[in-house]
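structure.pdb (PDB, C-alpha atoms) appears below.
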MODEL        1
ATOM      1  CA  TYR A   1      36.905 -60.568   4.122  1.00  0.00           C
ATOM      2  CA  THR A   2      34.261 -62.890   2.754  1.00  0.00           C
ATOM      3  CA  ASP A   3      34.961 -65.712   0.333  1.00  0.00           C
ATOM      4  CA  GLY A   4      33.595 -63.592  -2.510  1.00  0.00           C
ATOM      5  CA  ILE A   5      36.933 -61.750  -2.499  1.00  0.00           C
ATOM      6  CA  ASN A   6      39.303 -64.646  -3.092  1.00  0.00           C
ATOM      7  CA  GLU A   7      36.726 -66.486  -5.234  1.00  0.00           C
ATOM      8  CA  ALA A   8      36.175 -63.543  -7.588  1.00  0.00           C
ATOM      9  CA  MET A   9      36.589 -64.865 -11.124  1.00  0.00           C
ATOM     10  CA  ASN A  10      37.974 -63.400 -14.300  1.00  0.00           C
ATOM     11  CA  ASN A  11      36.642 -63.992 -17.825  1.00  0.00           C
ATOM     12  CA  ASP A  12      38.575 -67.292 -17.993  1.00  0.00           C
ATOM     13  CA  ARG A  13      36.755 -68.458 -14.810  1.00  0.00           C
ATOM     14  CA  GLU A  14      39.996 -68.381 -12.800  1.00  0.00           C
ATOM     15  CA  GLU A  15      39.695 -67.376  -9.143  1.00  0.00           C
ATOM     16  CA  TYR A  16      41.444 -64.298  -7.771  1.00  0.00           C
ATOM     17  CA  GLY A  17      42.856 -66.441  -4.960  1.00  0.00           C
ATOM     18  CA  THR A  18      44.109 -66.015  -1.429  1.00  0.00           C
ATOM     19  CA  ASP A  19      47.768 -65.875  -2.491  1.00  0.00           C
ATOM     20  CA  ARG A  20      47.151 -62.889  -4.765  1.00  0.00           C
ATOM     21  CA  LEU A  21      45.149 -61.140  -2.036  1.00  0.00           C
ATOM     22  CA  GLN A  22      47.836 -61.708   0.567  1.00  0.00           C
ATOM     23  CA  PHE A  23      50.597 -60.543  -1.806  1.00  0.00           C
ATOM     24  CA  LEU A  24      48.695 -57.348  -2.603  1.00  0.00           C
ATOM     25  CA  ILE A  25      48.017 -56.551   1.056  1.00  0.00           C
ATOM     26  CA  GLU A  26      51.588 -57.265   2.122  1.00  0.00           C
ATOM     27  CA  HIS A  27      52.919 -54.924  -0.562  1.00  0.00           C
ATOM     28  CA  THR A  28      50.338 -52.205   0.036  1.00  0.00           C
ATOM     29  CA  ALA A  29      49.928 -52.141   3.809  1.00  0.00           C
ATOM     30  CA  LYS A  30      53.163 -50.580   5.023  1.00  0.00           C
ATOM     31  CA  ASN A  31      52.735 -46.847   5.727  1.00  0.00           C
ATOM     32  CA  ASN A  32      49.254 -46.691   4.163  1.00  0.00           C
ATOM     33  CA  THR A  33      45.808 -46.130   5.611  1.00  0.00           C
ATOM     34  CA  ALA A  34      43.098 -48.777   5.852  1.00  0.00           C
ATOM     35  CA  GLU A  35      41.089 -46.805   3.297  1.00  0.00           C
ATOM     36  CA  PHE A  36      43.989 -46.866   0.819  1.00  0.00           C
ATOM     37  CA  ILE A  37      44.569 -50.610   1.296  1.00  0.00           C
ATOM     38  CA  LEU A  38      40.890 -51.406   0.755  1.00  0.00           C
ATOM     39  CA  GLY A  39      40.845 -49.191  -2.335  1.00  0.00           C
ATOM     40  CA  GLU A  40      43.815 -51.054  -3.786  1.00  0.00           C
ATOM     41  CA  VAL A  41      42.197 -54.438  -3.128  1.00  0.00           C
ATOM     42  CA  ILE A  42      38.936 -53.317  -4.743  1.00  0.00           C
ATOM     43  CA  ARG A  43      40.797 -51.830  -7.710  1.00  0.00           C
ATOM     44  CA  ASP A  44      42.871 -54.984  -8.208  1.00  0.00           C
ATOM     45  CA  ILE A  45      39.857 -57.292  -8.008  1.00  0.00           C
ATOM     46  CA  ALA A  46      37.942 -55.142 -10.506  1.00  0.00           C
ATOM     47  CA  GLU A  47      40.929 -55.134 -12.856  1.00  0.00           C
ATOM     48  CA  TYR A  48      41.373 -58.911 -12.479  1.00  0.00           C
ATOM     49  CA  ALA A  49      37.681 -59.703 -12.966  1.00  0.00           C
ATOM     50  CA  GLY A  50      37.255 -57.449 -15.972  1.00  0.00           C
ATOM     51  CA  SER A  51      33.742 -57.845 -17.340  1.00  0.00           C
ATOM     52  CA  ALA A  52      33.108 -61.210 -15.651  1.00  0.00           C
ATOM     53  CA  SER A  53      30.007 -61.122 -13.463  1.00  0.00           C
ATOM     54  CA  GLN A  54      30.515 -62.101  -9.847  1.00  0.00           C
ATOM     55  CA  GLN A  55      28.281 -64.637  -8.133  1.00  0.00           C
ATOM     56  CA  ASP A  56      29.061 -63.936  -4.477  1.00  0.00           C
ATOM     57  CA  ASP A  57      29.035 -61.028  -2.055  1.00  0.00           C
ATOM     58  CA  MET A  58      32.306 -59.223  -1.333  1.00  0.00           C
ATOM     59  CA  THR A  59      32.969 -57.754   2.086  1.00  0.00           C
ATOM     60  CA  LEU A  60      36.263 -56.249   3.285  1.00  0.00           C
ATOM     61  CA  LEU A  61      37.362 -54.832   6.603  1.00  0.00           C
ATOM     62  CA  ALA A  62      40.760 -53.322   7.335  1.00  0.00           C
ATOM     63  CA  ILE A  63      42.060 -52.173  10.687  1.00  0.00           C
ATOM     64  CA  CYS A  64      45.394 -50.392  10.873  1.00  0.00           C
ATOM     65  CA  ARG A  65      47.331 -49.784  14.030  1.00  0.00           C
ATOM     66  CA  ASN A  66      50.102 -47.273  14.585  1.00  0.00           C
ATOM     67  CA  ARG A  67      52.625 -49.362  16.479  1.00  0.00           C
ATOM     68  CA  GLU A  68      54.894 -46.409  17.195  1.00  0.00           C
ATOM     69  CA  ASN A  69      52.258 -45.104  19.601  1.00  0.00           C
ATOM     70  CA  ASP A  70      51.182 -48.478  20.950  1.00  0.00           C
ATOM     71  CA  GLU A  71      52.589 -48.879  24.446  1.00  0.00           C
ATOM     72  CA  THR A  72      51.486 -52.516  24.617  1.00  0.00           C
ATOM     73  CA  PHE A  73      54.136 -53.484  22.079  1.00  0.00           C
ATOM     74  CA  GLY A  74      57.017 -51.529  23.568  1.00  0.00           C
ATOM     75  CA  HIS A  75      60.563 -51.162  22.254  1.00  0.00           C
ATOM     76  CA  TYR A  76      61.260 -54.881  21.734  1.00  0.00           C
ATOM     77  CA  ALA A  77      58.150 -55.386  19.641  1.00  0.00           C
ATOM     78  CA  GLU A  78      58.921 -52.377  17.457  1.00  0.00           C
ATOM     79  CA  LYS A  79      62.127 -54.102  16.367  1.00  0.00           C
ATOM     80  CA  GLN A  80      60.363 -57.430  15.867  1.00  0.00           C
ATOM     81  CA  TYR A  81      57.522 -55.996  13.792  1.00  0.00           C
ATOM     82  CA  GLU A  82      59.302 -53.643  11.437  1.00  0.00           C
ATOM     83  CA  GLU A  83      57.886 -55.557   8.485  1.00  0.00           C
ATOM     84  CA  THR A  84      54.153 -55.573   7.958  1.00  0.00           C
ATOM     85  CA  ASP A  85      52.718 -58.659   9.587  1.00  0.00           C
ATOM     86  CA  ILE A  86      49.578 -59.585   7.716  1.00  0.00           C
ATOM     87  CA  GLU A  87      47.719 -62.771   8.411  1.00  0.00           C
ATOM     88  CA  ILE A  88      44.891 -63.813   6.175  1.00  0.00           C
ATOM     89  CA  VAL A  89      42.601 -66.153   7.999  1.00  0.00           C
TER
ENDMDL
END

Using structure tokens, write down the structure that the file contains.
Amino acid sequence: YTDGINEAMNNDREEYGTDRLQFLIEHTAKNNTAEFILGEVIRDIAEYAGSASQQDDMTLLAICRNRENDETFGHYAEKQYEETDIEIV
């Protein structure tokens, strides 16, 4: 994502923030498609921002992987990665 996502402001000029973005993704990602996750992020930002105009571009990219069919992770990794492991960089 670009910084326009976490720096989106509401009418009180408060930023959306990385913590809110990470929380939303962590609670939306499990068993959902990339399209659904992106839709939820866009919806939440729009709801948070309300009528406040945004001053920066907003770009999102989501890639989902089906670990059940990923031979590179194998049986051990399936147990280790049961929870969604999201890293926001």

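Distance-wise, atom CA of Tyr48 of chain A and atom CA of Thr2 of chain A end up 17.3 Å apart.
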
Box dimensions and centre (Å, one decimal) enclosing segment 36-45 of chain A, axis-aligned, 6 Å extra per side, as AutoDock Vina command-line options:
--center_x 41.8 --center_y -52.1 --center_z -3.5 --size_x 17.6 --size_y 22.4 --size_z 21.5

Output check: residues returned by the PyMOL selection byres ((chain A and resi 41) around 12), as a ChimeraX atom specification: /A:1,5-6,8,16,18,20-29,34-40,42-48,58-62

Residue selection dump (C-alpha atoms) as a PDB file, in the coordinates of the input:
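Result went into again.pdb, see below:
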ATOM      1  CA  TYR A   1      36.905 -60.568   4.122  1.00  0.00           C
ATOM      2  CA  ILE A   5      36.933 -61.750  -2.499  1.00  0.00           C
ATOM      3  CA  ASN A   6      39.303 -64.646  -3.092  1.00  0.00           C
ATOM      4  CA  ALA A   8      36.175 -63.543  -7.588  1.00  0.00           C
ATOM      5  CA  TYR A  16      41.444 -64.298  -7.771  1.00  0.00           C
ATOM      6  CA  THR A  18      44.109 -66.015  -1.429  1.00  0.00           C
ATOM      7  CA  ARG A  20      47.151 -62.889  -4.765  1.00  0.00           C
ATOM      8  CA  LEU A  21      45.149 -61.140  -2.036  1.00  0.00           C
ATOM      9  CA  GLN A  22      47.836 -61.708   0.567  1.00  0.00           C
ATOM     10  CA  PHE A  23      50.597 -60.543  -1.806  1.00  0.00           C
ATOM     11  CA  LEU A  24      48.695 -57.348  -2.603  1.00  0.00           C
ATOM     12  CA  ILE A  25      48.017 -56.551   1.056  1.00  0.00           C
ATOM     13  CA  GLU A  26      51.588 -57.265   2.122  1.00  0.00           C
ATOM     14  CA  HIS A  27      52.919 -54.924  -0.562  1.00  0.00           C
ATOM     15  CA  THR A  28      50.338 -52.205   0.036  1.00  0.00           C
ATOM     16  CA  ALA A  29      49.928 -52.141   3.809  1.00  0.00           C
ATOM     17  CA  ALA A  34      43.098 -48.777   5.852  1.00  0.00           C
ATOM     18  CA  GLU A  35      41.089 -46.805   3.297  1.00  0.00           C
ATOM     19  CA  PHE A  36      43.989 -46.866   0.819  1.00  0.00           C
ATOM     20  CA  ILE A  37      44.569 -50.610   1.296  1.00  0.00           C
ATOM     21  CA  LEU A  38      40.890 -51.406   0.755  1.00  0.00           C
ATOM     22  CA  GLY A  39      40.845 -49.191  -2.335  1.00  0.00           C
ATOM     23  CA  GLU A  40      43.815 -51.054  -3.786  1.00  0.00           C
ATOM     24  CA  ILE A  42      38.936 -53.317  -4.743  1.00  0.00           C
ATOM     25  CA  ARG A  43      40.797 -51.830  -7.710  1.00  0.00           C
ATOM     26  CA  ASP A  44      42.871 -54.984  -8.208  1.00  0.00           C
ATOM     27  CA  ILE A  45      39.857 -57.292  -8.008  1.00  0.00           C
ATOM     28  CA  ALA A  46      37.942 -55.142 -10.506  1.00  0.00           C
ATOM     29  CA  GLU A  47      40.929 -55.134 -12.856  1.00  0.00           C
ATOM     30  CA  TYR A  48      41.373 -58.911 -12.479  1.00  0.00           C
ATOM     31  CA  MET A  58      32.306 -59.223  -1.333  1.00  0.00           C
ATOM     32  CA  THR A  59      32.969 -57.754   2.086  1.00  0.00           C
ATOM     33  CA  LEU A  60      36.263 -56.249   3.285  1.00  0.00           C
ATOM     34  CA  LEU A  61      37.362 -54.832   6.603  1.00  0.00           C
ATOM     35  CA  ALA A  62      40.760 -53.322   7.335  1.00  0.00           C
TER      36      ALA A  62
END

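Atom CA of Thr33 of chain A is positioned 23.1 Å from atom CA of Gly17 of chain A.
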
Apply the PyMOL selection byres ((chain A and resi 54-56) around 6) to the displayed file and report the matching residues as a ChimeraX atom specification. /A:4,53,57

Taking (37.8, -64.0, -16.7) in the file's own coordinates, collect the residues within 6 Å, counting only C-alpha atoms, and hand them back as an NGL selection string. :A and (9-13 or 49 or 52)

Could those residues be written to a file, using C-alpha atoms, as a short mmCIF file (atom, residue, chain, number, x, y, z; two decimals), keeping the file's coordinate frame?
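Saved result, selection.cif, follows:
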data_model
loop_
_atom_site.label_atom_id
_atom_site.label_comp_id
_atom_site.auth_asym_id
_atom_site.auth_seq_id
_atom_site.Cartn_x
_atom_site.Cartn_y
_atom_site.Cartn_z
CA MET A 9 36.59 -64.86 -11.12
CA ASN A 10 37.97 -63.40 -14.30
CA ASN A 11 36.64 -63.99 -17.82
CA ASP A 12 38.58 -67.29 -17.99
CA ARG A 13 36.76 -68.46 -14.81
CA ALA A 49 37.68 -59.70 -12.97
CA ALA A 52 33.11 -61.21 -15.65
#
